[in-house]
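Note: the block below is start17.tsv and it holds TSV, C-alpha atoms and all ligand atoms.
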chain	number	residue	atom	x	y	z
A	1	MET	CA	70.81	80.42	141.02
A	2	LYS	CA	68.21	82.95	142.13
A	3	LYS	CA	64.73	83.10	140.58
A	4	GLY	CA	64.71	85.23	137.40
A	5	GLU	CA	68.47	85.16	137.17
A	6	THR	CA	70.12	84.24	133.84
A	7	MET	CA	72.87	81.65	133.53
A	8	SER	CA	75.31	84.44	132.85
A	9	GLU	CA	74.18	86.39	135.90
A	10	ALA	CA	74.47	83.29	138.05
A	11	SER	CA	77.95	82.54	136.82
A	12	ALA	CA	79.09	86.18	136.67
A	13	PRO	CA	82.17	86.79	138.78
A	14	LYS	CA	81.49	88.70	141.98
A	15	LYS	CA	84.42	90.99	141.33
A	16	LYS	CA	83.78	94.01	139.14
A	17	LEU	CA	84.32	93.52	135.43
A	18	LYS	CA	87.04	95.36	133.61
A	19	ILE	CA	87.24	95.61	129.84
A	20	ALA	CA	90.54	96.56	128.31
A	21	VAL	CA	89.68	98.65	125.28
A	22	ASP	CA	93.19	99.28	124.10
A	23	HIS	CA	92.63	100.50	120.57
A	24	ASN	CA	92.96	104.08	119.57
A	25	LEU	CA	89.89	105.45	121.36
A	26	ASP	CA	90.28	108.83	122.94
A	27	GLU	CA	90.91	108.89	126.67
A	28	GLN	CA	87.42	110.08	127.59
A	29	VAL	CA	85.67	107.20	125.84
A	30	LYS	CA	88.22	104.65	127.03
A	31	LYS	CA	87.71	105.77	130.63
A	32	LYS	CA	83.95	105.65	130.38
A	33	ILE	CA	83.95	102.16	128.96
A	34	THR	CA	86.24	100.94	131.71
A	35	VAL	CA	84.15	102.62	134.38
A	36	ASP	CA	80.92	101.25	132.97
A	37	ALA	CA	82.31	97.76	132.82
A	38	GLN	CA	83.67	97.97	136.35
A	39	ILE	CA	80.22	98.73	137.62
A	40	ALA	CA	78.74	95.91	135.53
A	41	GLY	CA	77.92	98.11	132.54
A	42	ARG	CA	76.08	100.81	134.46
A	43	ASN	CA	77.06	104.43	134.95
A	44	GLU	CA	76.86	106.33	138.23
A	45	LYS	CA	73.10	106.83	137.76
A	46	GLY	CA	72.64	103.10	137.42
A	47	LYS	CA	72.02	103.27	133.69
A	48	ILE	CA	74.03	101.53	131.02
A	49	ASP	CA	75.73	104.09	128.83
A	50	PHE	CA	74.89	102.47	125.49
A	51	ALA	CA	76.38	105.20	123.33
A	52	GLU	CA	79.80	104.89	124.89
A	53	LEU	CA	79.73	101.10	124.85
A	54	ARG	CA	78.74	101.27	121.20
A	55	ALA	CA	81.73	103.48	120.48
A	56	GLY	CA	83.90	100.68	121.80
A	57	GLY	CA	82.28	98.03	119.60
A	58	PHE	CA	79.66	96.73	122.07
A	59	ILE	CA	76.32	97.36	120.41
A	60	LYS	CA	73.13	97.07	122.45
A	61	GLN	CA	70.55	94.69	121.03
A	62	ARG	CA	66.77	94.75	121.36
A	63	GLN	CA	67.01	91.91	123.85
A	64	LYS	CA	67.50	92.73	127.52
A	65	ASP	CA	71.17	92.71	128.63
A	66	LYS	CA	72.32	91.43	125.24
A	67	PHE	CA	74.99	93.05	123.12
A	68	THR	CA	76.52	92.41	119.72
A	69	VAL	CA	80.30	92.52	119.92
A	70	ARG	CA	81.91	93.69	116.69
A	71	LEU	CA	85.33	92.30	115.84
A	72	LYS	CA	88.02	93.91	113.77
A	73	CYS	CA	88.84	92.20	110.46
A	74	PRO	CA	90.95	94.73	108.53
A	75	GLY	CA	90.77	94.02	104.82
A	76	GLY	CA	88.41	91.12	105.55
A	77	LYS	CA	91.33	88.87	106.40
A	78	MET	CA	91.55	86.54	109.38
A	79	THR	CA	93.87	83.63	109.90
A	80	ILE	CA	92.24	80.22	110.28
A	81	GLU	CA	93.93	79.80	113.65
A	82	LYS	CA	92.36	83.02	114.93
A	83	LEU	CA	89.02	82.17	113.35
A	84	LYS	CA	88.88	78.89	115.28
A	85	LYS	CA	89.46	80.73	118.55
A	86	VAL	CA	86.84	83.34	117.71
A	87	VAL	CA	84.38	80.53	117.00
A	88	GLU	CA	85.16	79.03	120.42
A	89	ALA	CA	84.51	82.40	122.08
A	90	ALA	CA	81.29	82.88	120.10
A	91	GLU	CA	80.06	79.41	121.08
A	92	GLN	CA	80.78	80.09	124.73
A	93	PHE	CA	79.46	83.64	125.05
A	94	GLY	CA	77.18	84.25	122.06
A	95	SER	CA	74.43	82.34	120.30
A	96	ASP	CA	74.69	79.68	117.59
A	97	PHE	CA	75.78	82.02	114.79
A	98	VAL	CA	78.02	84.94	113.96
A	99	HIS	CA	77.14	87.82	111.67
A	100	LEU	CA	79.36	89.09	108.86
A	101	THR	CA	78.76	92.81	108.37
A	102	SER	CA	78.62	94.67	105.06
A	103	ARG	CA	82.10	96.01	105.85
A	104	GLN	CA	83.78	92.68	106.53
A	105	SER	CA	83.64	92.75	110.32
A	106	MET	CA	82.55	89.68	112.22
A	107	GLU	CA	79.99	90.22	114.96
A	108	ILE	CA	79.18	87.97	117.90
A	109	PRO	CA	75.53	88.64	118.76
A	110	TYR	CA	73.73	87.80	122.01
A	111	VAL	CA	76.60	88.42	124.41
A	112	ASP	CA	75.32	89.14	127.92
A	113	TYR	CA	77.11	92.19	129.28
A	114	HIS	CA	78.04	90.26	132.41
A	115	ASP	CA	80.26	88.17	130.14
A	116	PHE	CA	82.19	91.08	128.63
A	117	GLY	CA	85.19	90.50	130.88
A	118	PRO	CA	85.76	86.78	130.22
A	119	LEU	CA	84.91	87.23	126.51
A	120	MET	CA	87.48	90.00	126.19
A	121	ASP	CA	90.07	87.85	127.97
A	122	GLN	CA	89.45	85.05	125.52
A	123	LEU	CA	89.56	87.33	122.48
A	124	LYS	CA	92.75	88.93	123.73
A	125	GLU	CA	94.34	85.52	124.05
A	126	ALA	CA	93.39	84.86	120.41
A	127	GLY	CA	94.92	88.20	119.39
A	128	GLN	CA	91.49	89.40	118.28
A	129	GLU	CA	90.58	93.04	118.78
A	130	VAL	CA	87.15	94.64	119.03
A	131	ALA	CA	86.13	97.19	116.39
A	132	SER	CA	84.57	100.57	117.11
A	133	CYS	CA	81.50	102.50	116.05
A	134	GLY	CA	80.63	106.17	116.28
A	135	PRO	CA	82.49	109.22	115.00
A	136	ARG	CA	85.91	107.79	114.40
A	137	VAL	CA	88.17	106.21	111.83
A	138	ARG	CA	86.72	102.76	111.21
A	139	VAL	CA	88.39	99.50	110.30
A	140	PRO	CA	89.40	99.73	106.62
A	141	ASN	CA	88.04	97.14	104.23
A	142	ALA	CA	89.50	95.73	101.05
A	143	CYS	CA	88.90	93.31	98.22
A	144	GLY	CA	91.38	90.48	97.62
A	145	GLY	CA	93.67	92.75	95.59
A	146	CYS	CA	96.79	91.75	93.69
A	147	GLU	CA	97.96	88.98	96.03
A	148	TYR	CA	95.71	86.40	94.39
A	149	ASN	CA	93.06	88.15	92.29
A	150	PRO	CA	94.02	88.12	88.58
A	151	ASN	CA	92.60	91.62	88.05
A	152	GLY	CA	94.26	93.12	91.15
A	153	LEU	CA	96.64	96.00	90.55
A	154	THR	CA	97.40	97.02	94.16
A	155	ASP	CA	97.98	95.18	97.42
A	156	THR	CA	94.72	96.19	99.02
A	157	VAL	CA	94.83	93.86	102.03
A	158	LYS	CA	98.33	94.96	102.97
A	159	MET	CA	97.19	98.60	102.75
A	160	ALA	CA	94.13	97.93	104.89
A	161	ASP	CA	96.38	96.42	107.54
A	162	ILE	CA	98.72	99.43	107.49
A	163	VAL	CA	95.86	101.92	107.70
A	164	ASN	CA	94.21	99.95	110.50
A	165	LYS	CA	97.40	99.98	112.56
A	166	ARG	CA	98.09	103.66	111.94
A	167	PHE	CA	94.71	105.33	112.05
A	168	PHE	CA	91.99	103.08	113.47
A	169	GLY	CA	89.86	104.68	116.17
A	170	ILE	CA	91.04	108.29	115.73
A	171	ARG	CA	88.23	110.63	116.71
A	172	VAL	CA	86.81	112.62	113.77
A	173	PRO	CA	83.55	114.57	113.30
A	174	HIS	CA	81.57	111.57	111.99
A	175	LYS	CA	82.18	108.00	110.88
A	176	PHE	CA	85.09	107.70	108.48
A	177	LYS	CA	85.37	104.61	106.32
A	178	THR	CA	88.29	103.72	104.08
A	179	SER	CA	88.02	101.13	101.32
A	180	PHE	CA	90.67	99.64	99.07
A	181	SER	CA	89.74	98.25	95.70
A	182	GLY	CA	92.32	96.40	93.61
A	183	CYS	CA	91.01	97.56	90.23
A	184	PRO	CA	88.21	99.57	88.61
A	185	PHE	CA	85.74	96.69	88.99
A	186	ASP	CA	85.49	98.14	92.48
A	187	CYS	CA	84.05	95.05	94.14
A	188	ILE	CA	84.43	96.71	97.56
A	189	ARG	CA	82.56	99.85	96.42
A	190	SER	CA	85.35	102.28	97.15
A	191	THR	CA	83.51	104.94	95.14
A	192	THR	CA	80.99	105.30	97.97
A	193	ALA	CA	83.45	105.32	100.86
A	194	ASP	CA	84.54	108.43	102.77
A	195	LEU	CA	87.98	107.61	101.41
A	196	GLY	CA	88.30	105.19	98.54
A	197	LEU	CA	91.52	103.95	96.99
A	198	MET	CA	91.22	102.12	93.72
A	199	GLY	CA	94.10	100.37	91.98
A	200	GLY	CA	94.87	101.62	88.51
A	201	VAL	CA	97.43	101.44	85.71
A	202	PHE	CA	98.15	104.09	83.12
A	203	PRO	CA	99.08	102.16	79.97
A	204	LYS	CA	101.86	103.06	77.58
A	205	TRP	CA	102.17	101.75	74.03
A	206	ASN	CA	105.46	100.93	72.35
A	207	GLU	CA	105.14	100.52	68.58
A	208	GLU	CA	108.35	98.56	68.06
A	209	ASN	CA	106.98	95.04	68.57
A	210	CYS	CA	103.35	95.73	67.72
A	211	THR	CA	102.03	93.42	65.03
A	212	GLY	CA	98.71	95.20	64.58
A	213	CYS	CA	96.78	92.13	65.70
A	214	THR	CA	93.95	94.35	67.12
A	215	ILE	CA	93.62	92.21	70.28
A	216	CYS	CA	94.08	95.26	72.52
A	217	ALA	CA	91.27	97.13	70.77
A	218	SER	CA	88.96	94.18	71.39
A	219	ALA	CA	90.14	93.86	75.00
A	220	CYS	CA	89.42	97.50	75.83
A	221	THR	CA	85.73	97.59	76.61
A	222	GLU	CA	85.85	101.34	77.34
A	223	GLY	CA	86.55	102.35	73.76
A	224	ALA	CA	89.86	103.90	74.78
A	225	ILE	CA	91.67	101.87	72.13
A	226	GLU	CA	90.60	101.67	68.51
A	227	ALA	CA	92.37	99.64	65.86
A	228	HIS	CA	93.75	101.64	62.97
A	229	PRO	CA	91.62	100.71	59.91
A	230	GLN	CA	94.68	99.89	57.80
A	231	THR	CA	97.46	98.80	60.16
A	232	GLY	CA	95.39	97.40	63.06
A	233	LYS	CA	97.67	99.24	65.44
A	234	PRO	CA	96.07	100.94	68.46
A	235	ILE	CA	94.83	104.51	68.53
A	236	PHE	CA	94.65	105.46	72.22
A	237	THR	CA	92.22	108.00	73.70
A	238	PRO	CA	93.46	108.54	77.28
A	239	GLU	CA	90.32	110.47	78.30
A	240	LYS	CA	88.30	107.28	77.93
A	241	CYS	CA	90.78	105.09	79.81
A	242	LEU	CA	89.59	103.55	83.07
A	243	TYR	CA	93.09	102.35	84.07
A	244	CYS	CA	92.08	98.68	84.22
A	245	ALA	CA	95.22	97.27	82.48
A	246	ASP	CA	93.22	94.83	80.31
A	247	CYS	CA	95.25	95.96	77.29
A	248	VAL	CA	98.52	95.28	79.13
A	249	ARG	CA	97.38	91.76	80.00
A	250	ALA	CA	95.97	91.08	76.53
A	251	CYS	CA	98.84	92.18	74.29
A	252	PRO	CA	100.80	89.13	73.11
A	253	THR	CA	103.94	91.14	72.28
A	254	TYR	CA	104.10	93.21	75.48
A	255	SER	CA	103.72	96.37	73.47
A	256	TRP	CA	101.41	97.78	76.16
A	257	THR	CA	103.12	98.23	79.54
A	258	ALA	CA	102.25	99.98	82.78
A	259	GLU	CA	103.63	103.49	82.73
A	260	GLN	CA	102.20	104.23	86.17
A	261	THR	CA	100.63	101.92	88.72
A	262	GLY	CA	99.08	102.94	92.02
A	263	HIS	CA	96.07	104.03	94.02
A	264	ASN	CA	93.54	106.46	92.61
A	265	LEU	CA	92.29	108.41	95.61
A	266	ARG	CA	88.65	109.41	96.03
A	267	VAL	CA	87.10	111.35	98.86
A	268	GLY	CA	83.67	112.17	100.18
A	269	GLY	CA	81.45	109.24	99.28
A	270	HIS	CA	79.03	107.56	101.63
A	271	HIS	CA	75.92	105.43	101.87
A	272	GLY	CA	73.00	106.18	104.16
A	273	ARG	CA	69.81	108.16	103.71
A	274	HIS	CA	71.50	110.54	101.30
A	275	PRO	CA	74.03	108.46	99.39
A	276	VAL	CA	76.71	110.26	97.45
A	277	ASN	CA	79.60	109.26	95.22
A	278	SER	CA	83.13	110.33	95.93
A	279	THR	CA	85.39	112.71	94.00
A	280	VAL	CA	88.74	111.68	92.50
A	281	VAL	CA	91.45	113.93	93.94
A	282	ALA	CA	94.74	112.17	93.14
A	283	ARG	CA	96.01	109.47	90.80
A	284	PHE	CA	98.56	106.64	90.83
A	285	LEU	CA	99.77	107.14	94.38
A	286	THR	CA	102.44	104.78	95.66
A	287	ASP	CA	101.69	102.89	98.88
A	288	ASP	CA	103.68	105.43	100.91
A	289	GLU	CA	102.04	108.39	99.21
A	290	ALA	CA	98.63	106.82	99.83
A	291	VAL	CA	99.32	106.50	103.58
A	292	THR	CA	100.54	110.12	103.67
A	293	ALA	CA	97.43	111.27	101.81
A	294	ILE	CA	95.16	109.35	104.20
A	295	GLU	CA	96.87	110.90	107.21
A	296	ALA	CA	96.56	114.38	105.67
A	297	THR	CA	92.88	113.78	104.93
A	298	ILE	CA	92.13	112.67	108.50
A	299	GLU	CA	94.01	115.67	109.93
A	300	TRP	CA	92.22	118.05	107.59
A	301	TYR	CA	88.82	116.51	108.41
A	302	LYS	CA	89.42	116.83	112.16
A	303	LYS	CA	90.40	120.48	111.84
A	304	ALA	CA	87.94	121.64	109.18
A	305	GLY	CA	85.04	119.84	110.85
A	306	GLU	CA	85.68	121.23	114.31
A	307	GLY	CA	82.59	122.82	115.82
A	308	LYS	CA	80.39	121.66	112.94
A	309	GLY	CA	78.79	118.72	114.70
A	310	ARG	CA	78.39	115.29	113.16
A	311	ILE	CA	79.26	115.90	109.55
A	312	ARG	CA	80.60	113.40	107.01
A	313	ILE	CA	83.65	114.53	105.08
A	314	GLY	CA	81.64	114.49	101.84
A	315	ASN	CA	79.13	116.96	103.24
A	316	LEU	CA	81.90	119.11	104.66
A	317	LEU	CA	83.55	119.28	101.25
A	318	GLN	CA	80.26	120.59	99.80
A	319	GLN	CA	80.58	123.74	101.92
A	320	GLU	CA	82.01	126.83	100.27
A	321	GLY	CA	85.78	126.88	99.96
A	322	MET	CA	86.24	123.50	101.63
A	323	LEU	CA	87.31	121.50	98.57
A	324	ALA	CA	90.00	124.06	97.71
A	325	ASP	CA	91.15	124.06	101.33
A	326	TYR	CA	91.34	120.25	101.34
A	327	MET	CA	93.25	120.16	98.05
A	328	ALA	CA	95.75	122.64	99.49
A	329	ALA	CA	96.28	120.34	102.49
A	330	LEU	CA	96.73	117.37	100.17
A	331	LYS	CA	99.22	119.32	98.06
A	332	THR	CA	101.28	120.12	101.14
A	333	ALA	CA	101.31	116.43	102.08
A	334	ILE	CA	102.05	114.70	98.76
A	335	GLY	CA	103.08	117.49	96.40
A	336	PRO	CA	101.28	118.70	93.28
A	337	ALA	CA	102.38	116.10	90.71
A	338	LYS	CA	99.65	113.52	91.28
A	339	LEU	CA	96.77	115.79	92.23
A	340	VAL	CA	93.76	115.99	89.95
A	341	ASN	CA	93.35	119.48	88.53
A	342	ASN	CA	90.02	121.08	89.43
A	343	PRO	CA	88.28	118.06	90.96
A	344	VAL	CA	84.51	118.21	90.68
A	345	LEU	CA	82.18	117.35	93.54
A	346	PRO	CA	79.05	115.37	92.68
A	347	GLU	CA	76.08	117.63	92.10
A	348	LYS	CA	73.55	114.98	92.86
A	349	ILE	CA	73.03	113.75	96.37
A	350	THR	CA	70.47	110.99	96.15
A	351	VAL	CA	67.67	110.56	98.64
A	352	ALA	CA	67.20	106.90	99.49
A	353	ARG	CA	63.44	106.42	99.77
B	1	LIG	S1	88.02	95.04	92.59
B	1	LIG	FE1	89.31	94.05	91.06
B	1	LIG	S2	91.00	93.19	92.24
B	1	LIG	FE2	89.36	93.62	93.66
B	1	LIG	S3	88.19	91.72	93.81
B	1	LIG	FE3	87.21	92.96	92.26
B	1	LIG	S4	88.10	92.28	90.35
B	1	LIG	FE4	89.46	91.57	91.99
B	2	LIG	S1	93.78	100.42	80.71
B	2	LIG	FE1	91.77	99.50	80.34
B	2	LIG	S2	90.50	101.24	79.73
B	2	LIG	FE2	92.61	101.91	79.56
B	2	LIG	S3	93.15	101.54	77.44
B	2	LIG	FE3	93.79	99.73	78.59
B	2	LIG	S4	92.04	98.34	78.44
B	2	LIG	FE4	91.32	100.35	77.84
B	3	LIG	S1	97.56	93.72	71.17
B	3	LIG	FE1	99.68	94.38	71.18
B	3	LIG	S2	100.50	93.63	69.28
B	3	LIG	FE2	98.29	93.53	69.07
B	3	LIG	S3	97.73	95.51	68.17
B	3	LIG	FE3	97.60	95.78	70.36
B	3	LIG	S4	99.62	96.58	70.91
B	3	LIG	FE4	99.83	95.70	68.89

Show me the file's structure as structure tokens.
Amino acid sequence: MKKGETMSEASAPKKKLKIAVDHNLDEQVKKKITVDAQIAGRNEKGKIDFAELRAGGFIKQRQKDKFTVRLKCPGGKMTIEKLKKVVEAAEQFGSDFVHLTSRQSMEIPYVDYHDFGPLMDQLKEAGQEVASCGPRVRVPNACGGCEYNPNGLTDTVKMADIVNKRFFGIRVPHKFKTSFSGCPFDCIRSTTADLGLMGGVFPKWNEENCTGCTICASACTEGAIEAHPQTGKPIFTPEKCLYCADCVRACPTYSWTAEQTGHNLRVGGHHGRHPVNSTVVARFLTDDEAVTAIEATIEWYKKAGEGKGRIRIGNLLQQEGMLADYMAALKTAIGPAKLVNNPVLPEKITVAR
């Protein structure tokens, strides 16, 4: 080992490194990453192209030669078998910890760029892909959803997996994050995602078996159900309903049932220096309709944002005529029945000081 040389440099293979970035990055980025890796992370001017590496999920750290490698965990789910292999890779090429990001990705910090090749080989063997950054469709995240969460109304993790396979990495004007929440508790904060899908149920009351026990009125914390003063039977105010299905779960005689169940679709939220909430544009979408709506939204965003620089979809929708144009695109994709009439964009865009 030469003086001043790191362990990784000493053990780095003499042959040029090649990283296979085989997710849905556009050809230009894919090529650049491969070229950079082949010349040990440096471009033709001898400088590492950090921006392009970042786009492929290799994020430059403060420390010399060190990168954080971001791994894909769609819906926050990873099998234990894969997790063990990722831990092995992290032990070999990273430090003594991993980092779990705010959007459910797992990151391996302190990877020396000379080790990209062998690390990628090991991750590939484990079936583990690398996530991406930059202006593209990001890995979707999700709460536990209906598979095991008692409040869950939609299969959020399944949807995150579908969306990841179909749309991950597509180039768009700015970052584009999709979040699936299983119910209006919104543990995953889908209301501040570029595209948020929240599980919901529209309840329907059948008087036949109702005993007037008033349990549903007590269960509804939104004030959407009041007990009739004489009969105890429910008086429903749909405008106050949050679609949580607590009444359906609470009723001992099954007098409340789910008339509609599905994803309530929101668009245009984001965090950052100027956080903004999203706007509800469609209700009770089936899984298939939700995928179609997501595809239509991505296509619209790509087209409408062309030539406008790095602009989040929420900011694009604030421009004159854009919301109507988007709603027309959505109508073409999923039909008019489930669209929200006259959706209202948030007036307030907060400044995070
Ligand atoms: S949003 Fe609802 S379904 Fe999802 S984790 Fe929270 S309570 Fe459970
Ligand atoms: S779905 Fe939830 S908010 Fe709506 S009426 Fe039932 S309990 Fe109330
Ligand atoms: S909980 Fe069911 S049975 Fe009791 S008042 Fe409500 S609808 Fe009727």

With all atoms listed in the file counted, which protein, DNA or RNA residues have an atom no more than 10 Å from (99.3, 94.7, 65.9) in the file frame? Please answer as a PyMOL selection string.
chain A and resi 207+209-217+227-228+231-234+251-253+255

Just to be explicit: take each residue in the selection above, keep C-alpha atoms, and write the result as a JSON list (two decimals), in the coordinates of the input.
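Saved to selection_20.json:
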[["chain", "number", "residue", "atom", "x", "y", "z"],
["A", 207, "GLU", "CA", 105.14, 100.52, 68.58],
["A", 209, "ASN", "CA", 106.98, 95.04, 68.57],
["A", 210, "CYS", "CA", 103.35, 95.73, 67.72],
["A", 211, "THR", "CA", 102.03, 93.42, 65.03],
["A", 212, "GLY", "CA", 98.71, 95.20, 64.58],
["A", 213, "CYS", "CA", 96.78, 92.13, 65.70],
["A", 214, "THR", "CA", 93.95, 94.35, 67.12],
["A", 215, "ILE", "CA", 93.62, 92.21, 70.28],
["A", 216, "CYS", "CA", 94.08, 95.26, 72.52],
["A", 217, "ALA", "CA", 91.27, 97.13, 70.77],
["A", 227, "ALA", "CA", 92.37, 99.64, 65.86],
["A", 228, "HIS", "CA", 93.75, 101.64, 62.97],
["A", 231, "THR", "CA", 97.46, 98.80, 60.16],
["A", 232, "GLY", "CA", 95.39, 97.40, 63.06],
["A", 233, "LYS", "CA", 97.67, 99.24, 65.44],
["A", 234, "PRO", "CA", 96.07, 100.94, 68.46],
["A", 251, "CYS", "CA", 98.84, 92.18, 74.29],
["A", 252, "PRO", "CA", 100.80, 89.13, 73.11],
["A", 253, "THR", "CA", 103.94, 91.14, 72.28],
["A", 255, "SER", "CA", 103.72, 96.37, 73.47]]

Kindly give the distance, in Å, that separates CA of Arg312 (chain A) and CA of His270 (chain A), rounded to a single decimal.
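If I compute the distance from CA of Arg312 (chain A) to CA of His270 (chain A), I get 8.1 Å.
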
Closest to ligand LIG 2 (chain B) among A:Gly321, A:Thr332, A:Pro343, A:Phe202, using only C-alpha atoms and all ligand atoms?
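Counting only C-alpha atoms and all ligand atoms, the residue closest to ligand LIG 2 (chain B) is A:Phe202.
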
Env. residues ligand LIG 2 (chain B) / 10 Å / all atoms listed in the file / as a PyMOL selection string
chain A and resi 184+200-205+216-226+234-250+256-258

Write out the residues from the selection above, keeping C-alpha atoms, as an mmCIF file, in the frame of the given file.
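Final output, saved to again-v4.cif:
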data_model
loop_
_atom_site.group_PDB
_atom_site.id
_atom_site.type_symbol
_atom_site.label_atom_id
_atom_site.label_comp_id
_atom_site.auth_asym_id
_atom_site.auth_seq_id
_atom_site.Cartn_x
_atom_site.Cartn_y
_atom_site.Cartn_z
ATOM 1 C CA PRO A 184 88.210 99.570 88.610
ATOM 2 C CA GLY A 200 94.870 101.620 88.510
ATOM 3 C CA VAL A 201 97.430 101.440 85.710
ATOM 4 C CA PHE A 202 98.150 104.090 83.120
ATOM 5 C CA PRO A 203 99.080 102.160 79.970
ATOM 6 C CA LYS A 204 101.860 103.060 77.580
ATOM 7 C CA TRP A 205 102.170 101.750 74.030
ATOM 8 C CA CYS A 216 94.080 95.260 72.520
ATOM 9 C CA ALA A 217 91.270 97.130 70.770
ATOM 10 C CA SER A 218 88.960 94.180 71.390
ATOM 11 C CA ALA A 219 90.140 93.860 75.000
ATOM 12 C CA CYS A 220 89.420 97.500 75.830
ATOM 13 C CA THR A 221 85.730 97.590 76.610
ATOM 14 C CA GLU A 222 85.850 101.340 77.340
ATOM 15 C CA GLY A 223 86.550 102.350 73.760
ATOM 16 C CA ALA A 224 89.860 103.900 74.780
ATOM 17 C CA ILE A 225 91.670 101.870 72.130
ATOM 18 C CA GLU A 226 90.600 101.670 68.510
ATOM 19 C CA PRO A 234 96.070 100.940 68.460
ATOM 20 C CA ILE A 235 94.830 104.510 68.530
ATOM 21 C CA PHE A 236 94.650 105.460 72.220
ATOM 22 C CA THR A 237 92.220 108.000 73.700
ATOM 23 C CA PRO A 238 93.460 108.540 77.280
ATOM 24 C CA GLU A 239 90.320 110.470 78.300
ATOM 25 C CA LYS A 240 88.300 107.280 77.930
ATOM 26 C CA CYS A 241 90.780 105.090 79.810
ATOM 27 C CA LEU A 242 89.590 103.550 83.070
ATOM 28 C CA TYR A 243 93.090 102.350 84.070
ATOM 29 C CA CYS A 244 92.080 98.680 84.220
ATOM 30 C CA ALA A 245 95.220 97.270 82.480
ATOM 31 C CA ASP A 246 93.220 94.830 80.310
ATOM 32 C CA CYS A 247 95.250 95.960 77.290
ATOM 33 C CA VAL A 248 98.520 95.280 79.130
ATOM 34 C CA ARG A 249 97.380 91.760 80.000
ATOM 35 C CA ALA A 250 95.970 91.080 76.530
ATOM 36 C CA TRP A 256 101.410 97.780 76.160
ATOM 37 C CA THR A 257 103.120 98.230 79.540
ATOM 38 C CA ALA A 258 102.250 99.980 82.780
#

Using only C-alpha atoms, which residue out of A:Leu345, A:Leu53, A:Ile170, A:Leu153 lies closest to Thr286 (chain A)?
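For Thr286 (chain A), the nearest of the candidates is A:Leu153.
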
Within 9 Å of ligand LIG 1 (chain B): each chain A residue with its shortest pair, only C-alpha atoms and all ligand atoms, as a tab-separated table:
residue	atom	partner	partner_atom	distance
A:Ala142	CA	B:LIG1	FE2	7.7
A:Cys143	CA	B:LIG1	FE2	4.6
A:Gly144	CA	B:LIG1	S3	5.1
A:Gly145	CA	B:LIG1	S2	4.3
A:Cys146	CA	B:LIG1	S2	6.1
A:Glu147	CA	B:LIG1	S2	9.0
A:Tyr148	CA	B:LIG1	FE4	8.5
A:Asn149	CA	B:LIG1	FE4	5.0
A:Pro150	CA	B:LIG1	FE4	6.7
A:Asn151	CA	B:LIG1	S2	4.8
A:Gly152	CA	B:LIG1	S2	3.4
A:Leu153	CA	B:LIG1	S2	6.5
A:Thr154	CA	B:LIG1	S2	7.7
A:Asp155	CA	B:LIG1	S2	8.9
A:Thr156	CA	B:LIG1	FE2	8.0
A:Phe180	CA	B:LIG1	FE2	8.2
A:Ser181	CA	B:LIG1	S1	4.8
A:Gly182	CA	B:LIG1	S2	3.7
A:Cys183	CA	B:LIG1	FE1	4.0
A:Pro184	CA	B:LIG1	S1	6.0
A:Phe185	CA	B:LIG1	S1	4.6
A:Asp186	CA	B:LIG1	S1	4.0
A:Cys187	CA	B:LIG1	FE3	4.2
A:Ile188	CA	B:LIG1	S1	6.4
A:Arg189	CA	B:LIG1	S1	8.2
A:Ser190	CA	B:LIG1	S1	9.0
A:Met198	CA	B:LIG1	S1	7.9
A:Gly199	CA	B:LIG1	S2	7.8
A:Cys244	CA	B:LIG1	FE1	8.7

Could you work out how far CA of Ala160 (chain A) lies from CA of Lys77 (chain A), giving the answer in Å with one decimal?
9.6 Å

Nearest residue to ligand LIG 3 (chain B) from the set A:Tyr301, A:Phe67, A:Tyr110, A:Tyr254 (distances using only C-alpha atoms and all ligand atoms)
A:Tyr254

So which one's closest to ligand LIG 3 (chain B), A:Val86, A:Leu330, A:Gly268, A:Glu208? Using all atoms listed in the file, please.
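Using all atoms listed in the file, ligand LIG 3 (chain B) sits closest to A:Glu208.
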
Minimum-distance residue to ligand LIG 3 (chain B), chosen among A:Glu107, A:Asn206, A:Phe97, A:Gly307 (using only C-alpha atoms and all ligand atoms)
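Looking only at the distances to ligand LIG 3 (chain B), the closest residue turns out to be A:Asn206.
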
Report, in Å with one decimal, the straight-line distance from CA of Leu339 (chain A) to CA of Phe176 (chain A).
21.6 Å

Using only C-alpha atoms and all ligand atoms: which of A:Pro229, A:Gly309, A:Gly76, A:Pro346 has the shortest distance to ligand LIG 3 (chain B):
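Looking only at the distances to ligand LIG 3 (chain B), the closest residue turns out to be A:Pro229.
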